[in-house]
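Have a look at model13.cif below; it lists mmCIF, C-alpha atoms.
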data_final
loop_
_atom_site.label_atom_id
_atom_site.label_comp_id
_atom_site.auth_asym_id
_atom_site.auth_seq_id
_atom_site.Cartn_x
_atom_site.Cartn_y
_atom_site.Cartn_z
CA MET A 8 -129.27 -9.00 -32.84
CA MET A 9 -126.18 -9.25 -30.64
CA MET A 10 -126.74 -7.79 -27.19
CA PRO A 11 -123.91 -6.51 -24.94
CA ASP A 12 -124.05 -9.58 -22.68
CA ASP A 13 -123.16 -11.71 -25.71
CA MET A 14 -120.06 -9.66 -26.60
CA GLN A 15 -116.48 -10.78 -26.07
CA ILE A 16 -114.46 -8.93 -23.45
CA ASP A 17 -110.71 -9.00 -22.91
CA ASP A 18 -107.88 -6.84 -21.60
CA ARG A 19 -108.39 -4.22 -24.30
CA TYR A 20 -111.13 -2.91 -21.99
CA LYS A 21 -109.94 -0.61 -19.24
CA GLY A 22 -110.62 -2.23 -15.89
CA VAL A 23 -109.97 -5.81 -17.09
CA PRO A 24 -106.82 -7.53 -15.78
CA ALA A 25 -103.89 -7.74 -18.18
CA GLY A 26 -103.59 -11.10 -19.88
CA THR A 27 -107.31 -11.89 -19.67
CA VAL A 28 -108.34 -14.01 -22.63
CA PRO A 29 -111.63 -13.16 -24.36
CA PHE A 30 -114.82 -14.19 -22.58
CA ARG A 31 -118.51 -13.44 -22.89
CA LEU A 32 -119.57 -10.50 -20.75
CA ASP A 33 -122.45 -12.46 -19.22
CA ARG A 34 -119.86 -14.86 -17.74
CA ILE A 35 -117.85 -12.21 -15.92
CA ALA A 36 -119.08 -13.41 -12.50
CA GLU A 37 -117.38 -16.76 -13.16
CA LYS A 38 -114.01 -15.01 -13.00
CA GLY A 39 -114.38 -14.71 -9.23
CA TRP A 40 -112.92 -11.22 -9.22
CA ASN A 41 -113.24 -9.02 -6.15
CA LEU A 42 -112.16 -5.41 -6.29
CA LEU A 43 -111.12 -5.30 -2.62
CA ALA A 44 -108.83 -8.28 -3.14
CA GLY A 45 -106.90 -6.37 -5.78
CA ASP A 46 -108.18 -8.53 -8.63
CA LEU A 47 -108.98 -5.55 -10.89
CA PRO A 48 -106.46 -3.08 -12.30
CA LEU A 49 -107.05 0.43 -11.00
CA PRO A 50 -108.44 2.88 -11.81
CA ALA A 51 -111.69 1.00 -12.13
CA ALA A 52 -115.26 2.23 -12.42
CA VAL A 53 -117.88 0.11 -10.69
CA LEU A 54 -121.64 0.19 -10.21
CA ARG A 55 -123.07 -0.96 -6.88
CA ARG A 56 -125.95 -3.31 -7.69
CA SER A 57 -127.78 -2.58 -4.43
CA ALA A 58 -127.74 1.16 -5.13
CA LEU A 59 -129.02 0.66 -8.68
CA ASP A 60 -131.88 -1.40 -7.26
CA ALA A 61 -132.69 1.24 -4.64
CA ASN A 62 -132.62 4.13 -7.11
CA SER A 63 -134.80 2.23 -9.53
CA ALA A 64 -137.30 1.59 -6.72
CA TRP A 65 -137.32 5.29 -5.82
CA MET A 66 -138.20 6.36 -9.36
CA ARG A 67 -140.90 3.69 -9.65
CA ALA A 68 -142.43 5.03 -6.44
CA PHE A 69 -142.28 8.61 -7.74
CA LEU A 70 -143.94 7.71 -11.03
CA ALA A 71 -146.63 5.69 -9.28
CA HIS A 72 -147.29 8.62 -6.94
CA THR A 73 -147.57 11.18 -9.75
CA GLY A 74 -149.10 8.99 -12.47
CA LEU A 75 -146.43 10.14 -14.93
CA SER A 76 -144.31 8.26 -17.47
CA LEU A 77 -140.54 8.23 -17.88
CA ALA A 78 -138.30 8.26 -20.95
CA PRO A 79 -134.88 8.36 -19.25
CA HIS A 80 -132.19 10.21 -21.15
CA GLY A 81 -129.93 7.55 -22.60
CA LYS A 82 -126.98 9.93 -23.04
CA THR A 83 -126.23 9.54 -19.34
CA SER A 84 -124.89 6.02 -19.72
CA MET A 85 -125.26 5.05 -23.40
CA SER A 86 -125.61 1.54 -22.02
CA PRO A 87 -128.25 -0.67 -23.70
CA GLN A 88 -128.20 -2.96 -20.66
CA LEU A 89 -129.29 -0.09 -18.44
CA PHE A 90 -131.85 1.01 -21.06
CA HIS A 91 -133.47 -2.40 -21.00
CA ARG A 92 -133.40 -2.43 -17.22
CA GLN A 93 -135.25 0.90 -17.24
CA LEU A 94 -137.76 -0.37 -19.79
CA ALA A 95 -138.34 -3.48 -17.68
CA ASP A 96 -139.02 -1.12 -14.77
CA GLY A 97 -141.81 0.46 -16.82
CA ALA A 98 -140.10 3.26 -18.76
CA TRP A 99 -142.26 4.54 -21.64
CA GLY A 100 -139.26 4.96 -23.96
CA ILE A 101 -135.66 6.20 -24.05
CA THR A 102 -134.63 9.79 -24.74
CA ALA A 103 -131.85 10.64 -27.20
CA ALA A 104 -130.02 13.86 -27.99
CA SER A 105 -128.93 12.99 -31.54
CA VAL A 106 -129.58 10.61 -34.39
CA GLY A 107 -126.24 9.03 -33.51
CA HIS A 108 -127.75 8.06 -30.18
CA ALA A 109 -130.90 6.84 -31.88
CA THR A 110 -129.04 4.56 -34.30
CA THR A 111 -127.29 2.94 -31.34
CA TYR A 112 -130.59 2.51 -29.52
CA ARG A 113 -132.14 0.88 -32.57
CA ARG A 114 -129.20 -1.50 -32.93
CA PHE A 115 -130.05 -2.81 -29.47
CA GLY A 116 -133.79 -3.10 -29.91
CA ILE A 117 -135.20 0.20 -28.60
CA ASN A 118 -138.50 0.89 -30.38
CA ARG A 119 -139.65 4.17 -28.80
CA ILE A 120 -137.25 7.12 -28.91
CA LEU A 121 -137.86 10.72 -27.91
CA MET A 122 -135.12 12.81 -29.48
CA ALA A 123 -135.06 15.87 -27.24
CA ASN A 124 -133.46 17.95 -29.95
CA GLN A 125 -134.06 19.31 -33.44
CA LEU A 126 -133.69 17.02 -36.47
CA LEU A 127 -131.89 19.06 -39.11
CA SER A 128 -129.52 17.33 -41.53
CA ARG A 129 -130.66 15.64 -44.73
CA PRO A 130 -128.96 12.28 -43.90
CA ASP A 131 -130.48 12.25 -40.41
CA ILE A 132 -133.96 13.06 -41.69
CA ALA A 133 -133.61 10.37 -44.36
CA TRP A 134 -132.56 7.77 -41.77
CA VAL A 135 -135.55 8.54 -39.54
CA ALA A 136 -137.89 8.47 -42.53
CA GLY A 137 -136.46 5.12 -43.57
CA GLU A 138 -136.97 3.65 -40.09
CA LEU A 139 -140.57 4.91 -40.01
CA SER A 140 -141.25 3.17 -43.31
CA ARG A 141 -139.33 0.00 -42.50
CA ASP A 142 -140.69 -0.70 -39.03
CA PRO A 143 -144.35 -0.02 -38.15
CA ASP A 144 -143.51 -0.47 -34.45
CA PHE A 145 -140.92 2.32 -34.46
CA ASP A 146 -142.25 5.26 -32.42
CA PHE A 147 -140.06 8.36 -32.84
CA TYR A 148 -140.42 11.98 -31.71
CA CYS A 149 -138.27 15.06 -32.23
CA LEU A 150 -138.53 18.77 -31.45
CA VAL A 151 -139.28 21.87 -33.49
CA ASP A 152 -138.85 25.46 -32.36
CA SER A 153 -138.57 27.57 -35.53
CA LEU A 154 -140.09 28.08 -38.94
CA ASP A 155 -136.74 27.31 -40.52
CA GLY A 156 -136.55 24.01 -38.65
CA VAL A 157 -140.04 23.04 -39.79
CA ALA A 158 -139.14 23.94 -43.39
CA LEU A 159 -136.03 21.73 -43.27
CA LEU A 160 -138.08 18.82 -41.94
CA VAL A 161 -140.79 19.23 -44.55
CA GLN A 162 -138.27 19.43 -47.37
CA GLY A 163 -136.26 16.44 -46.16
CA LEU A 164 -139.26 14.27 -45.39
CA ARG A 165 -140.98 14.93 -48.68
CA ALA A 166 -137.78 13.95 -50.45
CA ALA A 167 -137.48 10.76 -48.35
CA ALA A 168 -141.23 9.97 -48.61
CA PRO A 169 -141.85 8.05 -45.36
CA THR A 170 -144.98 5.93 -45.22
CA ARG A 171 -146.30 7.87 -42.21
CA PRO A 172 -145.83 11.33 -40.72
CA LEU A 173 -143.09 12.18 -38.25
CA ASN A 174 -144.21 13.00 -34.71
CA VAL A 175 -142.89 16.36 -33.51
CA LEU A 176 -143.10 18.20 -30.20
CA LEU A 177 -143.24 21.98 -30.16
CA GLU A 178 -140.50 23.21 -27.86
CA VAL A 179 -140.97 26.32 -25.72
CA GLY A 180 -138.10 28.05 -23.96
CA GLN A 181 -137.10 31.16 -22.13
CA ALA A 182 -134.63 33.99 -22.70
CA GLY A 183 -131.21 33.01 -21.41
CA GLY A 184 -132.05 29.33 -21.67
CA ARG A 185 -131.25 27.04 -24.55
CA THR A 186 -133.58 26.16 -27.42
CA GLY A 187 -137.33 26.70 -27.62
CA THR A 188 -139.67 29.46 -28.80
CA ARG A 189 -139.58 32.40 -26.40
CA ASN A 190 -143.20 33.58 -26.53
CA LEU A 191 -146.71 32.47 -27.43
CA SER A 192 -146.79 34.29 -30.77
CA ASP A 193 -143.67 32.53 -32.07
CA ALA A 194 -144.83 29.20 -30.68
CA MET A 195 -148.14 29.45 -32.47
CA ALA A 196 -146.46 30.36 -35.74
CA VAL A 197 -144.34 27.20 -35.54
CA ALA A 198 -147.36 25.09 -34.59
CA ALA A 199 -149.29 26.50 -37.56
CA ALA A 200 -146.44 25.59 -39.91
CA VAL A 201 -146.50 22.00 -38.62
CA ALA A 202 -150.28 21.87 -39.05
CA GLN A 203 -149.89 22.94 -42.68
CA ALA A 204 -147.80 19.86 -43.53
CA PRO A 205 -149.98 16.94 -42.36
CA ASP A 206 -148.58 14.66 -45.06
CA VAL A 207 -145.19 14.52 -43.33
CA LEU A 208 -145.57 16.09 -39.84
CA SER A 209 -147.82 15.32 -36.88
CA LEU A 210 -147.91 17.66 -33.89
CA ALA A 211 -147.81 15.24 -30.96
CA GLY A 212 -147.40 17.66 -28.06
CA ILE A 213 -145.40 20.32 -26.26
CA GLU A 214 -141.93 20.08 -24.71
CA CYS A 215 -139.55 22.19 -22.65
CA TYR A 216 -136.28 21.77 -20.77
CA GLU A 217 -136.03 23.55 -17.46
CA GLY A 218 -132.62 22.31 -16.31
CA ILE A 219 -130.29 25.14 -17.33
CA LEU A 220 -132.16 28.39 -16.83
CA PRO A 221 -129.78 31.03 -15.44
CA GLY A 222 -130.01 32.68 -12.06
CA PRO A 223 -127.85 33.67 -9.08
CA ASP A 224 -129.64 31.38 -6.61
CA ASP A 225 -132.17 28.55 -6.34
CA ALA A 226 -135.12 30.84 -5.70
CA THR A 227 -134.47 32.93 -8.82
CA ILE A 228 -133.96 29.87 -11.02
CA GLU A 229 -137.14 28.27 -9.71
CA THR A 230 -139.08 31.46 -10.44
CA CYS A 231 -137.82 31.31 -14.03
CA ILE A 232 -138.84 27.65 -14.23
CA ALA A 233 -142.36 28.55 -13.09
CA ALA A 234 -142.52 31.15 -15.87
CA LEU A 235 -141.35 28.60 -18.42
CA PHE A 236 -144.11 26.20 -17.44
CA ALA A 237 -146.62 29.05 -17.57
CA LEU A 238 -145.64 29.52 -21.24
CA MET A 239 -145.90 25.78 -21.81
CA THR A 240 -149.41 25.81 -20.32
CA GLU A 241 -150.51 28.81 -22.39
CA THR A 242 -149.11 27.27 -25.57
CA ALA A 243 -150.64 23.84 -25.02
CA ARG A 244 -154.07 25.30 -24.39
CA ALA A 245 -153.88 27.59 -27.44
CA VAL A 246 -152.74 24.77 -29.75
CA GLU A 247 -155.51 22.52 -28.46
CA ALA A 248 -158.10 25.26 -29.03
CA ARG A 249 -157.10 25.40 -32.70
CA GLY A 250 -157.28 21.63 -33.11
CA TRP A 251 -153.68 21.30 -34.25
CA PHE A 252 -152.66 18.34 -32.10
CA ARG A 253 -152.76 14.89 -33.67
CA PRO A 254 -155.58 12.56 -32.59
CA GLY A 255 -155.01 10.74 -29.31
CA PRO A 256 -153.25 11.77 -26.09
CA VAL A 257 -151.26 15.01 -26.14
CA LEU A 258 -147.65 14.38 -25.14
CA LEU A 259 -146.23 16.82 -22.57
CA SER A 260 -142.56 16.37 -21.77
CA ALA A 261 -139.96 18.04 -19.56
CA GLY A 262 -137.84 17.21 -16.59
CA GLY A 263 -134.12 16.67 -16.37
CA SER A 264 -132.51 15.20 -13.27
CA ILE A 265 -132.75 18.31 -11.07
CA TYR A 266 -136.24 19.85 -11.14
CA TYR A 267 -138.39 16.89 -12.09
CA ASP A 268 -140.66 17.46 -9.09
CA MET A 269 -141.49 20.95 -10.39
CA ALA A 270 -141.88 19.62 -13.91
CA ALA A 271 -144.27 16.91 -12.75
CA ALA A 272 -146.45 19.28 -10.73
CA SER A 273 -146.53 21.94 -13.46
CA MET A 274 -147.46 19.60 -16.29
CA ARG A 275 -150.14 17.86 -14.24
CA ALA A 276 -151.73 21.28 -13.72
CA ILE A 277 -151.93 22.24 -17.43
CA GLY A 278 -155.48 20.96 -17.61
CA LEU A 279 -156.13 20.21 -21.27
CA LYS A 280 -159.51 18.90 -22.38
CA SER A 281 -157.75 16.17 -24.33
CA PRO A 282 -156.19 13.17 -22.60
CA VAL A 283 -152.49 13.73 -21.93
CA GLN A 284 -149.35 11.62 -21.60
CA ILE A 285 -146.81 13.33 -19.34
CA VAL A 286 -143.26 12.13 -19.87
CA LEU A 287 -140.26 13.02 -17.72
CA ARG A 288 -136.76 12.55 -19.10
CA SER A 289 -134.59 12.21 -15.98
CA GLY A 290 -131.51 10.17 -16.79
CA CYS A 291 -129.12 10.46 -13.84
CA TYR A 292 -131.52 9.12 -11.21
CA LEU A 293 -130.37 5.53 -11.76
CA THR A 294 -126.80 6.11 -10.59
CA HIS A 295 -127.16 9.35 -8.60
CA ASP A 296 -123.77 10.66 -7.39
CA HIS A 297 -121.83 12.16 -4.47
CA GLY A 298 -122.00 15.79 -5.66
CA TRP A 299 -124.27 17.51 -8.17
CA ALA A 300 -127.10 14.96 -8.05
CA GLN A 301 -126.96 14.73 -4.26
CA ARG A 302 -127.23 18.52 -3.94
CA ALA A 303 -130.15 18.49 -6.39
CA TRP A 304 -131.88 15.82 -4.32
CA GLN A 305 -131.48 17.83 -1.13
CA ARG A 306 -133.02 20.88 -2.81
CA LEU A 307 -135.84 18.74 -4.24
CA VAL A 308 -136.72 17.59 -0.72
CA GLU A 309 -136.71 21.20 0.48
CA ARG A 310 -139.19 22.12 -2.29
CA SER A 311 -141.30 18.99 -2.06
CA PRO A 312 -140.83 17.43 1.39
CA HIS A 313 -143.70 14.99 0.88
CA LEU A 314 -141.61 13.15 -1.73
CA ALA A 315 -138.94 12.17 0.78
CA GLY A 316 -141.17 9.51 2.28
CA LEU A 317 -142.08 7.69 -0.94
CA ALA A 318 -139.15 5.27 -0.74
CA PRO A 319 -135.61 5.19 0.62
CA PRO A 320 -133.76 8.14 -0.94
CA PRO A 321 -131.46 7.73 -3.95
CA ARG A 322 -127.87 6.88 -3.18
CA PRO A 323 -124.68 6.88 -5.26
CA ALA A 324 -124.27 3.76 -7.37
CA ILE A 325 -121.15 4.71 -9.32
CA GLU A 326 -117.70 4.65 -7.72
CA LEU A 327 -114.17 5.08 -9.03
CA TRP A 328 -111.33 3.28 -7.30
CA ALA A 329 -107.64 4.18 -7.58
CA TYR A 330 -104.35 3.26 -5.95
CA VAL A 331 -102.15 5.57 -3.94
CA GLN A 332 -99.03 5.50 -6.08
CA SER A 333 -96.85 8.08 -4.34
CA ARG A 334 -96.58 10.04 -1.07
CA PRO A 335 -94.00 12.56 -2.28
CA ASP A 336 -94.81 15.50 0.03
CA PRO A 337 -96.32 15.92 3.48
CA GLY A 338 -100.06 16.36 3.18
CA ARG A 339 -100.25 15.04 -0.37
CA ALA A 340 -100.71 11.71 -2.13
CA ILE A 341 -100.75 11.01 -5.84
CA VAL A 342 -103.46 8.58 -6.96
CA THR A 343 -103.97 6.66 -10.19
CA LEU A 344 -107.08 8.59 -11.24
CA GLY A 345 -107.12 11.28 -13.88
CA LYS A 346 -109.21 13.23 -16.37
CA ARG A 347 -109.30 10.18 -18.63
CA ASP A 348 -111.25 8.37 -15.92
CA ALA A 349 -113.65 10.89 -14.34
CA GLY A 350 -115.70 13.87 -15.41
CA THR A 351 -114.64 17.22 -13.97
CA ASP A 352 -117.21 19.52 -15.59
CA ILE A 353 -118.99 20.30 -12.30
CA ASP A 354 -116.78 19.09 -9.43
CA LEU A 355 -113.64 17.06 -9.00
CA PRO A 356 -114.17 13.51 -7.72
CA VAL A 357 -114.86 13.23 -4.00
CA PRO A 358 -112.73 10.87 -1.84
CA VAL A 359 -115.13 8.86 0.31
CA ALA A 360 -113.34 5.72 1.56
CA TRP A 361 -110.07 3.82 1.57
CA HIS A 362 -109.03 0.17 1.76
CA ARG A 363 -105.83 -1.80 2.33
CA ILE A 364 -105.71 -5.16 0.60
CA GLY A 365 -106.01 -7.84 3.24
CA GLY A 366 -107.69 -5.44 5.65
CA GLN A 367 -111.18 -5.41 7.13
CA GLY A 368 -112.92 -3.61 4.28
CA PRO A 369 -113.42 -0.01 3.17
CA GLN A 370 -113.18 2.65 5.85
CA ALA A 371 -114.74 6.09 5.51
CA LEU A 372 -112.40 9.02 4.98
CA GLU A 373 -112.92 11.78 7.48
CA ALA A 374 -112.63 15.52 6.86
CA GLY A 375 -109.33 16.71 5.50
CA TYR A 376 -109.21 14.60 2.34
CA ARG A 377 -109.77 16.46 -0.91
CA LEU A 378 -108.80 15.98 -4.54
CA THR A 379 -107.25 19.30 -5.58
CA GLY A 380 -106.35 18.64 -9.21
CA MET A 381 -106.06 16.06 -11.96
CA ASN A 382 -103.79 15.37 -14.91
CA ASP A 383 -104.66 12.89 -17.64
CA GLN A 384 -103.73 9.88 -15.47
CA HIS A 385 -102.91 11.31 -12.03
CA GLY A 386 -104.90 12.88 -9.21
CA TYR A 387 -103.59 15.14 -6.44
CA LEU A 388 -105.07 14.12 -3.09
CA SER A 389 -104.69 16.56 -0.20
CA LEU A 390 -104.75 14.75 3.15
CA PRO A 391 -103.80 15.18 6.80
CA GLU A 392 -100.11 14.73 7.47
CA ASP A 393 -100.89 11.88 9.86
CA SER A 394 -103.05 10.05 7.30
CA PRO A 395 -102.60 6.26 7.37
CA LEU A 396 -102.67 6.08 3.56
CA ARG A 397 -99.56 4.57 2.04
CA VAL A 398 -98.44 3.46 -1.39
CA GLY A 399 -100.59 0.56 -2.61
CA ASP A 400 -103.67 1.51 -0.62
CA MET A 401 -106.95 1.89 -2.51
CA VAL A 402 -109.09 5.02 -2.46
CA CYS A 403 -112.76 5.16 -3.44
CA PHE A 404 -113.98 8.33 -5.14
CA GLY A 405 -117.50 9.49 -5.78
CA ILE A 406 -118.31 11.64 -8.78
CA SER A 407 -120.36 14.72 -9.60
CA HIS A 408 -122.51 14.37 -12.76
CA PRO A 409 -122.63 10.78 -14.09
CA CYS A 410 -122.87 11.73 -17.79
CA THR A 411 -119.26 12.86 -18.10
CA THR A 412 -117.83 9.87 -16.24
CA PHE A 413 -119.72 7.13 -18.07
CA ASP A 414 -118.22 8.33 -21.36
CA LYS A 415 -114.70 7.57 -20.06
CA TRP A 416 -115.45 3.85 -19.74
CA ARG A 417 -116.37 1.17 -22.28
CA LEU A 418 -116.92 -1.33 -19.45
CA LEU A 419 -118.07 -0.77 -15.88
CA SER A 420 -118.09 -3.73 -13.52
CA VAL A 421 -121.24 -4.32 -11.47
CA VAL A 422 -120.37 -5.27 -7.89
CA GLU A 423 -122.21 -6.61 -4.88
CA ASP A 424 -121.86 -4.91 -1.50
CA ASP A 425 -118.78 -7.02 -0.75
CA TYR A 426 -117.28 -5.76 -4.06
CA ARG A 427 -117.50 -9.16 -5.71
CA VAL A 428 -117.89 -8.62 -9.47
CA SER A 429 -121.25 -10.04 -10.45
CA GLY A 430 -121.82 -8.39 -13.83
CA GLY A 431 -120.74 -5.72 -16.24
CA ILE A 432 -122.27 -3.08 -18.48
CA LEU A 433 -120.92 -1.77 -21.76
CA THR A 434 -121.25 1.78 -23.05
CA PHE A 435 -121.50 2.91 -26.69
CA PHE A 436 -120.51 6.58 -26.91
#

Representation of the structure as structure tokens:
Amino acid sequence: MMMPDDMQIDDRYKGVPAGTVPFRLDRIAEKGWNLLAGDLPLPAAVLRRSALDANSAWMRAFLAHTGLSLAPHGKTSMSPQLFHRQLADGAWGITAASVGHATTYRRFGINRILMANQLLSRPDIAWVAGELSRDPDFDFYCLVDSLDGVALLVQGLRAAAPTRPLNVLLEVGQAGGRTGTRNLSDAMAVAAAVAQAPDVLSLAGIECYEGILPGPDDATIETCIAALFALMTETARAVEARGWFRPGPVLLSAGGSIYYDMAAASMRAIGLKSPVQIVLRSGCYLTHDHGWAQRAWQRLVERSPHLAGLAPPPRPAIELWAYVQSRPDPGRAIVTLGKRDAGTDIDLPVPVAWHRIGGQGPQALEAGYRLTGMNDQHGYLSLPEDSPLRVGDMVCFGISHPCTTFDKWRLLSVVEDDYRVSGGILTFF
């Protein structure tokens, strides 16, 4: 099995200097590159190693405090190197959103996958069935939330004839949310259908996703989340009373990267008679960010102030650097950062620092600097008319929502606090 560190890198990867001959990724530190010296072409996406370490320590402290497990959502980075880092930190497994994700995970040695989605197509069902038969160590879970979905699974699995049943989680949801049964009656009907196909299906637990419930403000959304977990509790207890769960611990899973404190507290309070395994699926914690994730953290501390003291708080690990390429108008600079380089689904990138090659190091940008728009390859930076920025200066941008920036990069350099390149991670979107 070839791992990313063994792969050959050259200047076909964005962020690698032109003319670079192929080299093994695990030898990137030998290049002696330093971003602040201008050794990397910009734009460049980098991960701060010290921030990754700190964020990893925070989540370990949270899990130790709550006694929960973590299956981080791999779609955030689609980086097997980060997956294996998370597993080494004690992650229970890795979450996927599709069989396409799962096939990539398997290629790089991931044995436990929670697919937080429905498994529907005949080829996908056949692939999962084949993996279950081929590898006794493969531990796979997917979701069901309808009678039609259960029927498709039963039909596809019986045709593929795996050597052991497929583990499924019954998903509950709420009106206005995404997937998931909306009430106890429907949930129990789906659970009964799973129980009637023990040759191919095994009901492993209950799942929900609380991250996108609608509401005009935090208080309203959090009230809806409480109602969702009340349905999860009612469903789990009713399914247990009928003896429909598989033998062994009941798996309870929820928790994106925003409300995982509420998810943890709610699932711990379900109170089944059976032993339980509670699995959160937060994926963005490892890199955090300067916008969406930071706001979510601040709200989490407001809800659960006792968590703030567990460990130093998360901090942004991912940065995008660009050059000032033009100062065409007063109060505006054009930078070499565009939609091909950064996600814009929640906020535009946030200018946080600047650097002049040969200078004393990055300096914080004060108020008055704001990215106002982006083209494919250009960004429009509003700045004070007396700004010291000039053509050739470097600007550091934070992001808002890591998932939609990682997918713009095949390679992200890992840097030390002095911006010396000490490693690299590859993504497989």

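Closest approach to Asp296 in chain A from the set A:Met85, A:Val197, A:Ala182, A:Leu59 is made by A:Leu59, with distances taken over only C-alpha atoms.
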
Mind telling me what the PyMOL selection byres ((chain A and resi 28) around 10) catches here, as a PDB file with C-alpha atoms, keeping the file's coordinate frame?
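Saved the output as part_25.pdb:
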ATOM      1  CA  GLN A  15    -116.480 -10.780 -26.070  1.00  0.00           C
ATOM      2  CA  ILE A  16    -114.460  -8.930 -23.450  1.00  0.00           C
ATOM      3  CA  ASP A  17    -110.710  -9.000 -22.910  1.00  0.00           C
ATOM      4  CA  ASP A  18    -107.880  -6.840 -21.600  1.00  0.00           C
ATOM      5  CA  ARG A  19    -108.390  -4.220 -24.300  1.00  0.00           C
ATOM      6  CA  PRO A  24    -106.820  -7.530 -15.780  1.00  0.00           C
ATOM      7  CA  ALA A  25    -103.890  -7.740 -18.180  1.00  0.00           C
ATOM      8  CA  GLY A  26    -103.590 -11.100 -19.880  1.00  0.00           C
ATOM      9  CA  THR A  27    -107.310 -11.890 -19.670  1.00  0.00           C
ATOM     10  CA  PRO A  29    -111.630 -13.160 -24.360  1.00  0.00           C
ATOM     11  CA  PHE A  30    -114.820 -14.190 -22.580  1.00  0.00           C
TER      12      PHE A  30
END

task = Show which residues sit within 12 Å of Pro143 in chain A, as an NGL selection string. Count all atoms listed in the file, and ignore same-chain residues fewer than 4 positions away.
result = :A and (118-119 or 136-139 or 147 or 169-172)

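Between Tyr148 in chain A and the residues A:Asp352, A:Glu217, A:Glu178, A:Glu326, the shortest atom-to-atom distance, using only C-alpha atoms, involves A:Glu178.
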
Result set, the PyMOL selection byres ((chain A and resi 61-72) around 6) on current file, as a list in words = Ala58, Leu59, Asp60, Thr73, Gly74, Leu75, Leu293, Ala318 and Pro321 of chain A

Next, the residues of the selection above should be written as a tab-separated table (two decimals), keeping the file's coordinate frame with C-alpha atoms.
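Result file out-v1.tsv:
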chain	number	residue	atom	x	y	z
A	58	ALA	CA	-127.74	1.16	-5.13
A	59	LEU	CA	-129.02	0.66	-8.68
A	60	ASP	CA	-131.88	-1.40	-7.26
A	73	THR	CA	-147.57	11.18	-9.75
A	74	GLY	CA	-149.10	8.99	-12.47
A	75	LEU	CA	-146.43	10.14	-14.93
A	293	LEU	CA	-130.37	5.53	-11.76
A	318	ALA	CA	-139.15	5.27	-0.74
A	321	PRO	CA	-131.46	7.73	-3.95

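CA of Phe435 in chain A to CA of Leu355 in chain A spans 24.0 Å [interatomic distance, one decimal].
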
message = Suppose a student applies the PyMOL selection byres ((chain A and resi 349) around 8) to this structure; what residues should they get, written as a VMD selection string?
response = chain A and resid 327 344 to 348 350 to 351 356 406 411 to 412 415

Could you dump the residues just selected with C-alpha atoms as a short mmCIF file (atom, residue, chain, number, x, y, z; two decimals), in the coordinates of the input?
data_model
loop_
_atom_site.label_atom_id
_atom_site.label_comp_id
_atom_site.auth_asym_id
_atom_site.auth_seq_id
_atom_site.Cartn_x
_atom_site.Cartn_y
_atom_site.Cartn_z
CA LEU A 327 -114.17 5.08 -9.03
CA LEU A 344 -107.08 8.59 -11.24
CA GLY A 345 -107.12 11.28 -13.88
CA LYS A 346 -109.21 13.23 -16.37
CA ARG A 347 -109.30 10.18 -18.63
CA ASP A 348 -111.25 8.37 -15.92
CA GLY A 350 -115.70 13.87 -15.41
CA THR A 351 -114.64 17.22 -13.97
CA PRO A 356 -114.17 13.51 -7.72
CA ILE A 406 -118.31 11.64 -8.78
CA THR A 411 -119.26 12.86 -18.10
CA THR A 412 -117.83 9.87 -16.24
CA LYS A 415 -114.70 7.57 -20.06
#

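If you count all atoms listed in the file and draw a sphere of 10 Å around (-130.9, 16.7, -38.7), the protein and nucleic acid residues inside it come out as Ser105, Val106, Asn124, Gln125, Leu126, Leu127, Ser128, Arg129, Pro130, Asp131, Ile132, Ala133, Trp134, Val135, Cys149, Gly156, Leu159, Leu160 and Gly163 of chain A.
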
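Counting all atoms listed in the file and comparing A:Leu42, A:Val357, A:Met9, A:Leu378, the residue that lies closest to Val428 in chain A is A:Leu42.
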
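In terms of minimum interatomic distance to Gly430 in chain A, A:Gln88 ranks closest within A:Lys82, A:Gln88, A:Ala44, A:Asn190, counting all atoms listed in the file.
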
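Using all atoms listed in the file, the shortest contact distance between Tyr426 in chain A and any of A:Gly338, A:Pro369, A:Gly22, A:Gly298 is found at A:Pro369.
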
Please report, as CSV, each residue of range 113-198 of chain A lying at most 9 Å from range 219-232 of chain A, together with the nearest pair of atoms and the separation in Å rounded to one decimal; use only C-alpha atoms, and order rows by chain and ascending residue number.
residue,atom,partner,partner_atom,distance
A:Gln181,CA,A:Leu220,CA,7.8
A:Ala182,CA,A:Leu220,CA,8.5
A:Gly183,CA,A:Pro221,CA,6.5
A:Gly184,CA,A:Leu220,CA,4.9
A:Arg185,CA,A:Ile219,CA,7.5

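Rounded to one decimal, CA of Tyr112 in chain A and CA of Pro87 in chain A lie 7.0 Å from each other.
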
ask   = Which protein, DNA or RNA residues are at most 10 Å from (-142.0, 16.5, -18.3) in the file's coordinates when you count all atoms listed in the file, listed as a PyMOL selection string?
value = chain A and resi 75-78+213-217+236+258-263+266-275+284-289

message = Report, in Å to a single decimal, how far apart CA of Ala371 in chain A and CA of Gly405 in chain A are.
response = 12.1 Å

ask   = What lies within 10 Å of Ala200 in chain A using all atoms listed in the file, ignoring chain neighbours under 2 positions off, as an MDAnalysis selection string?
value = chainID A and resid 153:155 157:158 161 195:198 202:205 208

task = Pick out the closest residue to Ser333 in chain A from this set: A:Ala360, A:Leu94, A:Met401, A:Ala248. Count only C-alpha atoms.
result = A:Met401

ask   = What's the 9 Å shell around Gly255 in chain A, counting all atoms listed in the file, without same-chain residues fewer than 5 positions away, as a PyMOL selection string?
value = chain A and resi 211+281-283
